[in-house]
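Everything below belongs to final-v9.cif, which stores mmCIF, C-alpha atoms and all ligand atoms.
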data_coords
loop_
_atom_site.label_atom_id
_atom_site.label_comp_id
_atom_site.auth_asym_id
_atom_site.auth_seq_id
_atom_site.Cartn_x
_atom_site.Cartn_y
_atom_site.Cartn_z
CA MET A 1 -8.99 -16.19 23.80
CA SER A 2 -5.28 -16.02 24.38
CA ALA A 3 -3.67 -13.73 26.90
CA ALA A 4 -2.24 -10.56 25.39
CA SER A 5 1.47 -11.04 24.78
CA PRO A 6 3.73 -8.52 26.51
CA ALA A 7 4.88 -5.72 24.21
CA VAL A 8 8.18 -6.51 22.53
CA THR A 9 10.87 -3.83 22.66
CA PRO A 10 13.63 -3.09 20.13
CA ASN A 11 16.10 -3.95 22.85
CA GLN A 12 14.75 -7.50 23.00
CA LEU A 13 14.31 -8.04 19.30
CA ILE A 14 17.04 -6.18 17.41
CA ARG A 15 20.46 -7.87 17.05
CA LYS A 16 22.96 -6.55 19.65
CA GLU A 17 25.50 -5.51 17.02
CA ILE A 18 22.87 -3.42 15.21
CA GLN A 19 21.84 -1.71 18.46
CA ALA A 20 25.52 -0.85 19.02
CA LEU A 21 25.87 0.85 15.60
CA HIS A 22 25.65 4.58 15.05
CA ALA A 23 23.58 5.51 12.00
CA TYR A 24 25.58 7.09 9.16
CA HIS A 25 25.43 10.77 10.07
CA VAL A 26 24.77 13.40 7.40
CA PRO A 27 25.18 16.89 8.91
CA PRO A 28 22.88 19.78 7.85
CA SER A 29 24.52 21.94 5.19
CA ALA A 30 21.91 24.53 4.16
CA ASP A 31 23.55 27.82 3.11
CA MET A 32 27.04 26.39 3.65
CA ILE A 33 29.90 25.98 1.21
CA LYS A 34 29.59 22.20 1.08
CA LEU A 35 33.01 20.56 0.90
CA ASP A 36 32.32 17.48 3.03
CA ALA A 37 31.00 14.79 0.68
CA MET A 38 33.24 14.58 -2.41
CA GLU A 39 30.56 15.91 -4.73
CA ASN A 40 31.36 17.45 -8.11
CA PRO A 41 30.61 21.18 -7.58
CA HIS A 42 30.04 22.01 -11.25
CA LEU A 43 26.64 22.36 -12.92
CA LEU A 44 25.98 20.77 -16.28
CA PRO A 45 25.95 22.96 -19.40
CA GLN A 46 22.47 24.44 -20.02
CA ALA A 47 21.96 22.57 -23.32
CA LEU A 48 22.54 19.24 -21.59
CA ARG A 49 20.20 20.19 -18.76
CA ASP A 50 17.52 21.05 -21.32
CA GLU A 51 18.02 17.69 -23.01
CA ILE A 52 17.61 15.91 -19.67
CA ALA A 53 14.47 17.94 -18.91
CA ARG A 54 12.90 16.84 -22.20
CA GLN A 55 13.76 13.20 -21.54
CA VAL A 56 12.41 13.27 -18.01
CA ALA A 57 9.18 14.85 -19.25
CA ASN A 58 8.69 11.92 -21.62
CA ALA A 59 9.87 9.15 -19.32
CA ALA A 60 7.51 6.27 -18.56
CA ILE A 61 7.56 6.65 -14.81
CA ASN A 62 4.28 4.74 -14.53
CA ARG A 63 6.22 1.63 -15.64
CA TYR A 64 8.81 -0.35 -13.77
CA PRO A 65 12.34 0.26 -15.05
CA ASP A 66 14.15 -2.14 -17.35
CA ALA A 67 15.25 -4.62 -14.67
CA GLY A 68 18.37 -5.51 -16.66
CA ALA A 69 19.17 -1.86 -17.51
CA HIS A 70 20.42 -3.03 -20.90
CA GLN A 71 20.94 0.37 -22.53
CA LEU A 72 22.74 1.83 -19.52
CA LYS A 73 25.00 -1.21 -19.16
CA GLN A 74 25.95 -0.93 -22.81
CA ASP A 75 26.75 2.76 -22.33
CA ILE A 76 28.88 1.97 -19.29
CA ARG A 77 30.79 -0.71 -21.19
CA LYS A 78 31.46 1.76 -23.96
CA VAL A 79 32.97 4.50 -21.78
CA THR A 80 34.80 2.11 -19.43
CA GLN A 81 36.78 0.11 -21.99
CA LEU A 82 36.32 -3.19 -20.22
CA PRO A 83 38.56 -6.07 -21.25
CA GLU A 84 36.97 -8.68 -23.49
CA GLY A 85 34.45 -10.99 -21.80
CA MET A 86 33.94 -8.89 -18.67
CA ASP A 87 30.44 -8.17 -17.44
CA VAL A 88 28.90 -5.39 -15.32
CA LEU A 89 26.29 -5.34 -12.56
CA LEU A 90 24.63 -2.10 -11.48
CA GLY A 91 23.86 -0.88 -7.99
CA ASN A 92 21.88 1.89 -6.34
CA GLY A 93 25.20 3.54 -5.58
CA SER A 94 28.23 1.35 -5.05
CA ASP A 95 27.25 1.10 -1.38
CA GLU A 96 24.51 -1.26 -2.47
CA ILE A 97 27.04 -3.39 -4.34
CA ILE A 98 29.23 -3.68 -1.23
CA GLN A 99 26.13 -4.97 0.55
CA LEU A 100 25.32 -7.46 -2.24
CA LEU A 101 28.86 -8.81 -2.14
CA ALA A 102 28.83 -9.16 1.65
CA MET A 103 25.43 -10.86 1.68
CA ALA A 104 26.61 -13.31 -0.94
CA VAL A 105 29.67 -14.51 1.00
CA ALA A 106 28.38 -14.18 4.60
CA LYS A 107 28.69 -17.80 5.66
CA PRO A 108 28.89 -18.25 9.44
CA GLY A 109 32.31 -17.03 10.59
CA ALA A 110 33.26 -15.57 7.20
CA VAL A 111 35.67 -12.61 7.27
CA LEU A 112 35.55 -9.31 5.41
CA LEU A 113 39.02 -7.75 5.42
CA SER A 114 40.08 -4.22 4.63
CA VAL A 115 42.72 -1.74 5.70
CA GLU A 116 42.41 1.12 8.20
CA PRO A 117 41.70 3.93 7.96
CA SER A 118 39.53 3.39 4.91
CA PHE A 119 35.93 3.67 3.78
CA VAL A 120 33.72 3.14 6.85
CA MET A 121 30.95 1.31 4.97
CA TYR A 122 33.09 -1.85 4.62
CA LYS A 123 33.00 -2.37 8.37
CA MET A 124 29.40 -1.24 8.77
CA ILE A 125 28.13 -3.57 6.06
CA ALA A 126 30.11 -6.50 7.50
CA THR A 127 28.16 -5.87 10.70
CA PHE A 128 24.83 -5.60 8.83
CA VAL A 129 25.25 -9.08 7.37
CA GLY A 130 26.88 -10.75 10.39
CA MET A 131 30.40 -11.10 8.95
CA ARG A 132 33.54 -10.77 11.04
CA TYR A 133 35.43 -7.62 10.08
CA VAL A 134 39.23 -7.43 10.14
CA GLY A 135 40.94 -4.06 9.57
CA VAL A 136 44.68 -4.11 8.93
CA PRO A 137 46.39 -0.84 9.92
CA LEU A 138 48.04 1.14 7.13
CA ALA A 139 51.62 2.36 7.56
CA GLU A 140 52.13 5.79 9.11
CA ASP A 141 52.21 7.48 5.69
CA PHE A 142 48.94 5.64 4.82
CA SER A 143 50.63 3.30 2.35
CA LEU A 144 49.78 -0.42 2.51
CA ASP A 145 51.64 -2.38 5.14
CA LEU A 146 52.11 -5.30 2.78
CA ASP A 147 53.70 -7.71 5.27
CA ALA A 148 50.98 -7.11 7.85
CA THR A 149 48.26 -7.39 5.22
CA LEU A 150 49.62 -10.65 3.79
CA ALA A 151 50.01 -12.05 7.32
CA ALA A 152 46.39 -11.12 8.13
CA ILE A 153 45.20 -12.75 4.90
CA GLU A 154 47.10 -15.92 5.78
CA ARG A 155 45.72 -15.92 9.34
CA GLU A 156 42.09 -14.89 8.67
CA ARG A 157 41.47 -16.45 5.24
CA PRO A 158 39.00 -13.65 4.31
CA ALA A 159 36.09 -14.47 2.02
CA ILE A 160 36.41 -10.95 0.62
CA VAL A 161 38.95 -8.11 0.70
CA PHE A 162 38.06 -4.49 -0.08
CA LEU A 163 40.74 -2.02 -1.17
CA ALA A 164 39.76 1.55 -2.04
CA TYR A 165 42.01 2.70 -4.89
CA PRO A 166 42.54 5.67 -4.30
CA ASN A 167 41.78 5.30 -0.60
CA ASN A 168 39.16 7.31 1.28
CA PRO A 169 39.70 9.24 3.59
CA THR A 170 43.47 9.36 3.03
CA GLY A 171 43.41 10.19 -0.71
CA ASN A 172 46.49 8.19 -1.71
CA LEU A 173 46.78 5.51 -4.36
CA PHE A 174 48.27 2.31 -2.98
CA ASP A 175 51.29 0.76 -4.65
CA ALA A 176 49.90 -1.28 -7.56
CA GLU A 177 52.45 -4.06 -7.12
CA ALA A 178 51.42 -4.44 -3.45
CA VAL A 179 47.77 -4.66 -4.50
CA ARG A 180 48.69 -7.38 -7.02
CA ARG A 181 50.48 -9.33 -4.30
CA ILE A 182 47.32 -9.12 -2.16
CA ILE A 183 45.14 -10.32 -5.05
CA GLU A 184 47.50 -13.25 -5.62
CA ALA A 185 47.62 -14.18 -1.92
CA ALA A 186 43.90 -13.82 -1.16
CA PRO A 187 41.95 -17.08 -0.92
CA GLY A 188 38.69 -15.24 -1.70
CA LEU A 189 37.49 -12.25 -3.71
CA VAL A 190 39.40 -8.96 -3.87
CA VAL A 191 37.32 -5.92 -4.75
CA VAL A 192 39.26 -2.88 -5.90
CA ASP A 193 36.95 0.06 -5.16
CA GLU A 194 37.65 2.81 -7.68
CA ALA A 195 35.16 5.42 -6.46
CA TYR A 196 37.71 8.14 -7.34
CA TYR A 197 38.93 6.72 -10.65
CA ALA A 198 38.21 9.97 -12.52
CA PHE A 199 40.82 11.80 -10.45
CA ALA A 200 43.45 9.06 -10.29
CA SER A 201 46.45 8.11 -12.41
CA ASP A 202 45.89 4.34 -12.37
CA SER A 203 43.15 1.68 -12.49
CA PHE A 204 42.75 -2.07 -12.15
CA ILE A 205 40.16 -2.30 -14.94
CA PRO A 206 42.87 -3.50 -17.40
CA GLN A 207 43.80 -6.26 -14.91
CA LEU A 208 40.31 -7.80 -15.04
CA GLY A 209 40.48 -11.28 -16.48
CA LYS A 210 44.08 -11.76 -15.37
CA TYR A 211 43.01 -12.84 -11.90
CA ASP A 212 40.05 -15.14 -11.22
CA ASN A 213 39.31 -13.44 -7.88
CA LEU A 214 39.47 -9.77 -8.92
CA LEU A 215 36.44 -7.50 -9.25
CA VAL A 216 36.59 -3.73 -9.86
CA MET A 217 33.87 -1.46 -8.51
CA ARG A 218 33.17 2.12 -9.53
CA THR A 219 30.58 4.76 -8.76
CA TYR A 220 29.45 7.78 -10.75
CA SER A 221 28.74 9.67 -7.52
CA LYS A 222 32.06 11.48 -7.40
CA LEU A 223 32.03 12.29 -11.12
CA GLY A 224 28.87 14.39 -10.87
CA MET A 225 25.93 12.01 -10.40
CA ALA A 226 25.75 11.64 -6.61
CA GLY A 227 22.04 12.43 -6.72
CA LEU A 228 21.28 9.67 -9.23
CA ARG A 229 22.70 6.85 -7.07
CA LEU A 230 24.54 4.69 -9.58
CA GLY A 231 27.52 2.41 -9.21
CA PHE A 232 28.74 -0.71 -10.96
CA ILE A 233 30.99 -3.68 -10.49
CA ALA A 234 32.88 -5.26 -13.35
CA GLY A 235 34.28 -8.76 -13.56
CA ASP A 236 33.75 -12.27 -14.73
CA LYS A 237 30.16 -13.35 -15.45
CA THR A 238 30.46 -16.39 -13.19
CA TRP A 239 30.71 -14.06 -10.17
CA LEU A 240 28.25 -11.41 -11.32
CA GLU A 241 25.47 -13.88 -12.15
CA GLN A 242 25.53 -15.06 -8.54
CA LEU A 243 25.37 -11.48 -7.20
CA ASP A 244 22.55 -10.73 -9.61
CA LYS A 245 20.32 -13.19 -7.75
CA LEU A 246 20.58 -11.05 -4.61
CA ARG A 247 20.00 -7.76 -6.40
CA LEU A 248 16.47 -6.44 -5.93
CA PRO A 249 14.94 -6.45 -9.42
CA TYR A 250 14.38 -2.71 -9.87
CA ASN A 251 17.32 -1.29 -7.93
CA VAL A 252 18.08 1.39 -10.55
CA GLY A 253 15.02 3.50 -11.36
CA VAL A 254 13.69 4.75 -14.69
CA LEU A 255 15.04 8.28 -14.19
CA PRO A 256 18.57 7.30 -13.08
CA GLN A 257 18.85 4.90 -16.03
CA LEU A 258 17.71 7.53 -18.49
CA VAL A 259 19.71 10.45 -17.12
CA ALA A 260 22.89 8.44 -16.61
CA SER A 261 22.76 7.19 -20.20
CA THR A 262 22.48 10.77 -21.44
CA LEU A 263 25.33 11.90 -19.21
CA LEU A 264 27.54 9.05 -20.38
CA ALA A 265 26.83 10.07 -23.97
CA HIS A 266 28.47 13.33 -22.87
CA HIS A 267 31.19 11.65 -20.87
CA ASP A 268 33.68 14.21 -22.24
CA VAL A 269 31.83 16.98 -20.36
CA LEU A 270 32.16 15.10 -17.07
CA LEU A 271 35.79 14.22 -17.71
CA ALA A 272 36.56 17.88 -18.44
CA GLN A 273 34.98 18.78 -15.10
CA ALA A 274 37.10 16.11 -13.40
CA GLU A 275 40.17 17.57 -15.11
CA SER A 276 39.38 21.01 -13.77
CA ILE A 277 38.87 19.53 -10.28
CA ARG A 278 42.31 17.93 -10.58
CA SER A 279 43.93 21.24 -11.40
CA GLU A 280 42.05 22.89 -8.52
CA ARG A 281 43.38 20.10 -6.31
CA THR A 282 46.93 21.01 -7.27
CA LYS A 283 46.28 24.64 -6.31
CA MET A 284 44.60 23.69 -3.04
CA MET A 285 47.48 21.36 -2.15
CA ALA A 286 49.97 24.18 -2.72
CA ALA A 287 47.90 26.57 -0.59
CA LEU A 288 47.65 24.04 2.26
CA ASN A 289 51.35 23.21 2.09
CA ALA A 290 52.17 26.92 2.30
CA MET A 291 50.20 27.27 5.53
CA ALA A 292 52.17 27.03 8.78
CA GLY A 293 50.97 24.22 11.02
CA VAL A 294 49.12 22.35 8.28
CA GLN A 295 50.29 18.97 7.00
CA ALA A 296 48.49 17.94 3.80
CA TYR A 297 48.67 14.38 2.44
CA PRO A 298 49.15 13.62 -1.27
CA SER A 299 45.86 12.97 -3.06
CA GLU A 300 44.76 11.22 -6.25
CA ALA A 301 41.11 11.86 -5.39
CA ASN A 302 38.83 14.92 -5.35
CA PHE A 303 39.59 15.66 -1.71
CA ILE A 304 42.58 16.35 0.50
CA LEU A 305 43.28 15.00 3.98
CA PHE A 306 45.23 17.33 6.25
CA ARG A 307 46.41 17.45 9.83
CA VAL A 308 46.27 20.58 11.96
CA ALA A 309 46.54 21.19 15.72
CA LYS A 310 43.18 21.52 17.53
CA ALA A 311 41.43 20.07 14.47
CA THR A 312 37.97 19.98 16.00
CA GLN A 313 38.18 23.67 16.91
CA VAL A 314 39.47 24.48 13.43
CA PHE A 315 36.55 22.50 11.98
CA GLU A 316 34.09 24.48 14.15
CA GLY A 317 35.79 27.74 13.14
CA LEU A 318 35.29 26.83 9.47
CA LYS A 319 31.65 26.03 10.12
CA GLN A 320 31.12 29.40 11.80
CA ARG A 321 32.56 30.94 8.65
CA GLY A 322 30.10 29.02 6.50
CA VAL A 323 32.37 26.23 5.25
CA LEU A 324 31.46 22.61 5.93
CA ILE A 325 34.22 20.00 5.62
CA LYS A 326 34.64 16.60 7.33
CA ASN A 327 36.03 16.24 10.83
CA LEU A 328 37.88 12.91 11.21
CA ASN A 329 39.40 13.72 14.60
CA GLY A 330 38.30 11.29 17.28
CA GLY A 331 37.40 8.52 14.85
CA HIS A 332 40.30 6.26 13.94
CA PRO A 333 43.49 6.80 16.06
CA ALA A 334 45.57 7.25 12.89
CA LEU A 335 43.35 10.24 12.02
CA THR A 336 43.89 12.27 15.18
CA ASP A 337 43.68 15.98 14.30
CA CYS A 338 42.78 15.15 10.69
CA LEU A 339 40.26 17.00 8.55
CA ARG A 340 39.16 16.17 4.99
CA VAL A 341 38.15 18.78 2.46
CA THR A 342 36.52 18.13 -0.90
CA VAL A 343 37.93 20.11 -3.82
CA GLY A 344 35.24 22.57 -4.91
CA THR A 345 35.05 25.37 -7.44
CA GLN A 346 37.84 27.91 -7.64
CA ASP A 347 35.72 30.37 -5.64
CA GLU A 348 34.70 27.84 -2.98
CA ASP A 349 38.30 26.70 -2.56
CA ALA A 350 39.55 30.26 -2.16
CA ARG A 351 36.91 30.92 0.49
CA PHE A 352 37.84 27.68 2.26
CA ILE A 353 41.53 28.62 2.36
CA THR A 354 40.75 32.07 3.76
CA ALA A 355 38.36 30.63 6.36
CA LEU A 356 40.93 28.00 7.32
CA GLN A 357 43.67 30.61 7.80
CA ASP A 358 41.30 32.78 9.86
CA SER A 359 40.23 29.81 12.02
CA ILE A 360 43.84 28.82 12.68
CA ASN A 361 44.84 32.41 13.48
CA GLN A 362 41.96 32.77 15.91
CA LEU A 363 43.18 29.76 17.90
CA ALA A 364 46.82 30.83 18.00
C1 LIG A 401 31.83 7.44 -1.91
C2 LIG A 401 32.41 6.09 -1.87
C3 LIG A 401 31.65 4.96 -2.22
C4 LIG A 401 30.16 4.92 -2.40
O1 LIG A 401 29.61 5.75 -3.26
P1 LIG A 401 28.10 5.60 -3.74
O2 LIG A 401 27.63 7.01 -3.70
O3 LIG A 401 27.36 4.70 -2.80
O4 LIG A 401 28.19 5.03 -5.09
C5 LIG A 401 32.29 3.73 -2.27
N1 LIG A 401 33.58 3.61 -1.96
C6 LIG A 401 34.33 4.67 -1.60
C7 LIG A 401 35.76 4.45 -1.27
C8 LIG A 401 33.76 5.94 -1.53
O5 LIG A 401 34.51 6.96 -1.12
#
Can you turn what I pasted into C-alpha cells?
Ligand SMILES: *Cc1c(COP(=O)(O)O)cnc(C)c1O
Amino acid sequence: MSAASPAVTPNQLIRKEIQALHAYHVPPSADMIKLDAMENPHLLPQALRDEIARQVANAAINRYPDAGAHQLKQDIRKVTQLPEGMDVLLGNGSDEIIQLLAMAVAKPGAVLLSVEPSFVMYKMIATFVGMRYVGVPLAEDFSLDLDATLAAIERERPAIVFLAYPNNPTGNLFDAEAVRRIIEAAPGLVVVDEAYYAFASDSFIPQLGKYDNLLVMRTYSKLGMAGLRLGFIAGDKTWLEQLDKLRLPYNVGVLPQLVASTLLAHHDVLLAQAESIRSERTKMMAALNAMAGVQAYPSEANFILFRVAKATQVFEGLKQRGVLIKNLNGGHPALTDCLRVTVGTQDEDARFITALQDSINQLA
C-alpha cells in the first residue's frame, strides 16, 4: 500500500498566468434597462417567432448536429456575398474562433498583437494558450497609430494580428488604407474582426483573396442572435482546413443551426432592425453632444463611448435609476472616465439620456 499523497491545491497545479486572470465579469441586470452588452433590443416579428417555434418543436434534438453545418454555411455564404473561392468556418460565438486561431499558432514564444484599447478577449485568449500578447497603443483620438503599429510588427514578428473593425470599445472604424498597410507588413495572419459590420460603412470581406494572410471574422451576436452563439470566419480554404482540425466536432448545436438558418432567410428583417439602431445612434449621439460635460466619440457600431467627469459615480447614478451601461473607468489608462452605452430602443435611449442628465446634475 502506498502512502496517501498530500492533497494538491489549485495554487500548486494551475498555471500562474491563469491564477492571475480575472474571470470575465457579467453583472446582474434583472429589471434593468440593459445597455451594457451591445445586444439588439428588438424582438422578432410574431410570424417569424411562430415559424421558429414550429421548427424547434420538430427538431431532432436527440441527434448530434450536422458537424459540418452544411445548410447554415450555405445560408451564410448567400447573405455575406463572399468573393469566389472563399470558405467559412463556424464558431460557438466568434470568441471561440479567436481561441481556435490562437491555439493553432501558439508555438513557444509566438506573439499575438492587437491595438489598445480594444476587445479584451484578444489578450485573455493569448494568455489562455500561452502566447505572448503585445498591445500597441492607439492615438489619442483612437485612430490607428500606423507608425507605432508597423514598428511593433517589425520588432515582434507576430504570428497573428487582430484588428476590430469597427473597434470595441471605442466605436470608430480605422482608416482602411492603414489596415491594408498592416496586412501587407504583417509576417503572419491578420484577422479583421467585423463584429459590428451591420452598423458600419465599410468591410474587408471584398478584400478576401487579395491578401494571402487576411481572414475576416464576423458574429451574429450584435445583429440579434447573441443568445444563439454563432460566429464565422471567412478566408482561404488552406487556412480554414487547419483550424477545422482544432474545432470540437459539434460546436454549433442543432437549435442554433436551425434557428440561424431561418433568421438568415429573413436577413432583411434583421438588417431593417440594424438600420433603425443606426438612426437611433444618430439621435443618441446628438443628445450626448448637446450635454454639457459629456464628450462622445464617433461610432460606426451599435454603441457609443463617452467621457464624463466622475464617470464611476455617473455609472452608479445610472444604475440607481435602473439603467445598466458599461463602466470602462479604471481599466485601460486611455479610457479614464469613459463609459460605453449600447444603443437600445427609442424608449430605452430616452430613459438613458434622462437618467444620465439626472446623474450628472446630482454630482454637480
Ligand atoms: C462582441 C464581440 C465579439 C464576440 O462576440 P461573440 O458573441 O463571441 O460572437 C468579438 N469581437 C468583438 C470586437 C466584439 O465586440
Do you know which residues are at most 9 Å from Pro108 in chain A counting all atoms listed in the file, after dropping those on the same chain fewer than 4 positions away, and could you put them as a PyMOL selection string? chain A and resi 130-132
Each residue of chain A lying at most 8 Å from ligand LIG 401 (chain A) should get a row with its shortest atom-to-atom pair and the distance in Å to one decimal, counting all atoms listed in the file; could you produce that, ordered by chain and increasing number, as a tab-separated table?
residue	atom	partner	partner_atom	distance
A:Ala37	CA	A:LIG401	C1	7.8
A:Met38	CA	A:LIG401	C1	7.3
A:Gly91	CA	A:LIG401	O4	7.9
A:Asn92	CA	A:LIG401	O3	7.1
A:Gly93	CA	A:LIG401	O4	3.4
A:Ser94	CA	A:LIG401	O4	3.7
A:Asp95	CA	A:LIG401	O3	3.9
A:Glu96	CA	A:LIG401	O3	6.6
A:Ser118	CA	A:LIG401	C7	7.3
A:Phe119	CA	A:LIG401	C7	5.1
A:Met121	CA	A:LIG401	C5	7.8
A:Ala164	CA	A:LIG401	C7	5.0
A:Tyr165	CA	A:LIG401	C7	7.4
A:Pro166	CA	A:LIG401	C7	7.5
A:Asn167	CA	A:LIG401	C7	6.1
A:Asn168	CA	A:LIG401	C7	5.1
A:Pro169	CA	A:LIG401	O5	7.4
A:Asp193	CA	A:LIG401	N1	5.8
A:Glu194	CA	A:LIG401	C7	6.9
A:Ala195	CA	A:LIG401	C6	5.0
A:Tyr196	CA	A:LIG401	O5	7.1
A:Arg218	CA	A:LIG401	O4	7.3
A:Thr219	CA	A:LIG401	O4	4.4
A:Tyr220	CA	A:LIG401	O4	6.4
A:Ser221	CA	A:LIG401	O2	4.8
A:Lys222	CA	A:LIG401	C1	6.8
A:Ala226	CA	A:LIG401	O2	5.8
A:Arg229	CA	A:LIG401	O2	6.0
A:Leu230	CA	A:LIG401	O4	5.8
A:Gly231	CA	A:LIG401	O4	4.9
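Computed from the coordinates, the CA of Ser261 in chain A to CA of Leu89 in chain A distance equals 15.1 Å.
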Please determine, counting only C-alpha atoms, which residue among A:Lys34, A:Arg340, A:Arg155, A:His266 has the shortest atom-to-atom distance to Ser299 in chain A. A:Arg340
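Of the residues listed (A:Phe174, A:Leu264, A:Leu90, A:Ala355), A:Leu90 shows the shortest atom-to-atom separation from Glu241 in chain A; distances use all atoms listed in the file.
Proximity of A:Leu138, A:Ile304, A:Tyr297, A:Thr149 to Asp349 in chain A, computed with all atoms listed in the file, is greatest for A:Ile304.
Using all atoms listed in the file for every distance, the candidate list A:Thr262, A:Gln295, A:Asn11, A:Thr170 yields A:Thr262 as the residue closest to Leu72 in chain A.
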I want to know what sits within 9 Å of Ser201 in chain A, based on only C-alpha atoms, with residues of the same chain fewer than 2 positions away left out; could you give that as a count of residues only? 6
Could you name the residues that touch Pro28 in chain A at 12 Å or less, counting only C-alpha atoms, but leaving out those on the same chain fewer than 3 positions away, as a PyMOL selection string? chain A and resi 25+31-34+36-37+319+322-325
Counting only C-alpha atoms, which residues of range 318-347 of chain A sit at most 10 Å from some atom of range 267-290 of chain A, and what is each one's closest atom pair with its distance in Å to one decimal, listed by chain and rising residue number, as CSV?
residue,atom,partner,partner_atom,distance
A:Val341,CA,A:Met284,CA,9.8
A:Thr342,CA,A:Arg281,CA,9.0
A:Val343,CA,A:Arg281,CA,6.0
A:Gly344,CA,A:Ile277,CA,7.2
A:Thr345,CA,A:Glu280,CA,7.5
A:Gln346,CA,A:Glu280,CA,6.6
Now that the selection is made, can you save its residues with C-alpha atoms as a PDB file, in the frame of the given file?
ATOM      1  CA  VAL A 341      38.150  18.780   2.460  1.00  0.00           C
ATOM      2  CA  THR A 342      36.520  18.130  -0.900  1.00  0.00           C
ATOM      3  CA  VAL A 343      37.930  20.110  -3.820  1.00  0.00           C
ATOM      4  CA  GLY A 344      35.240  22.570  -4.910  1.00  0.00           C
ATOM      5  CA  THR A 345      35.050  25.370  -7.440  1.00  0.00           C
ATOM      6  CA  GLN A 346      37.840  27.910  -7.640  1.00  0.00           C
TER       7      GLN A 346
END
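You can rank A:Ile205, A:Leu21, A:Val26, A:Val294 by their closest distance to Ile353 in chain A using only C-alpha atoms, and at the top of that list sits A:Val294.
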Leaving out Phe128 in chain A and any residue of its chain fewer than 5 positions from it, which residues lie within 12 Å of it when counting all atoms listed in the file, given as a ChimeraX atom specification? /A:14-23,98-100,102-103,106,112,121-123,133
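One distance worth recording is that between CA of Pro27 in chain A and CA of Lys326 in chain A, which is 9.6 Å.
Distances to Phe352 in chain A were evaluated for A:Gly317, A:Gly331, A:Gly135, A:Pro249 using only C-alpha atoms, and the minimum falls at A:Gly317.
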Using all atoms listed in the file, give me every residue within 10 Å of (41.0, -7.3, 3.8) in file coordinates, as an mmCIF file with C-alpha atoms, in the coordinates of the input.
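Once everything was written out, this is out_38.cif:
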data_model
loop_
_atom_site.group_PDB
_atom_site.id
_atom_site.type_symbol
_atom_site.label_atom_id
_atom_site.label_comp_id
_atom_site.auth_asym_id
_atom_site.auth_seq_id
_atom_site.Cartn_x
_atom_site.Cartn_y
_atom_site.Cartn_z
ATOM 1 C CA VAL A 111 35.670 -12.610 7.270
ATOM 2 C CA LEU A 112 35.550 -9.310 5.410
ATOM 3 C CA LEU A 113 39.020 -7.750 5.420
ATOM 4 C CA SER A 114 40.080 -4.220 4.630
ATOM 5 C CA VAL A 115 42.720 -1.740 5.700
ATOM 6 C CA GLU A 116 42.410 1.120 8.200
ATOM 7 C CA TYR A 122 33.090 -1.850 4.620
ATOM 8 C CA TYR A 133 35.430 -7.620 10.080
ATOM 9 C CA VAL A 134 39.230 -7.430 10.140
ATOM 10 C CA GLY A 135 40.940 -4.060 9.570
ATOM 11 C CA VAL A 136 44.680 -4.110 8.930
ATOM 12 C CA THR A 149 48.260 -7.390 5.220
ATOM 13 C CA LEU A 150 49.620 -10.650 3.790
ATOM 14 C CA ALA A 152 46.390 -11.120 8.130
ATOM 15 C CA ILE A 153 45.200 -12.750 4.900
ATOM 16 C CA GLU A 156 42.090 -14.890 8.670
ATOM 17 C CA ARG A 157 41.470 -16.450 5.240
ATOM 18 C CA PRO A 158 39.000 -13.650 4.310
ATOM 19 C CA ALA A 159 36.090 -14.470 2.020
ATOM 20 C CA ILE A 160 36.410 -10.950 0.620
ATOM 21 C CA VAL A 161 38.950 -8.110 0.700
ATOM 22 C CA PHE A 162 38.060 -4.490 -0.080
ATOM 23 C CA LEU A 163 40.740 -2.020 -1.170
ATOM 24 C CA ILE A 182 47.320 -9.120 -2.160
ATOM 25 C CA ALA A 186 43.900 -13.820 -1.160
ATOM 26 C CA GLY A 188 38.690 -15.240 -1.700
ATOM 27 C CA LEU A 189 37.490 -12.250 -3.710
ATOM 28 C CA VAL A 190 39.400 -8.960 -3.870
ATOM 29 C CA VAL A 191 37.320 -5.920 -4.750
#
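One distance worth recording is that between CA of Phe142 in chain A and CA of Val120 in chain A, which is 15.6 Å.
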Residue neighbourhood Tyr211 in chain A, 10 Å, only C-alpha atoms, exclusion window fewer than 2 positions, as an MDAnalysis selection string: chainID A and resid 180 183:184 189:190 207:209 213:215 235:236
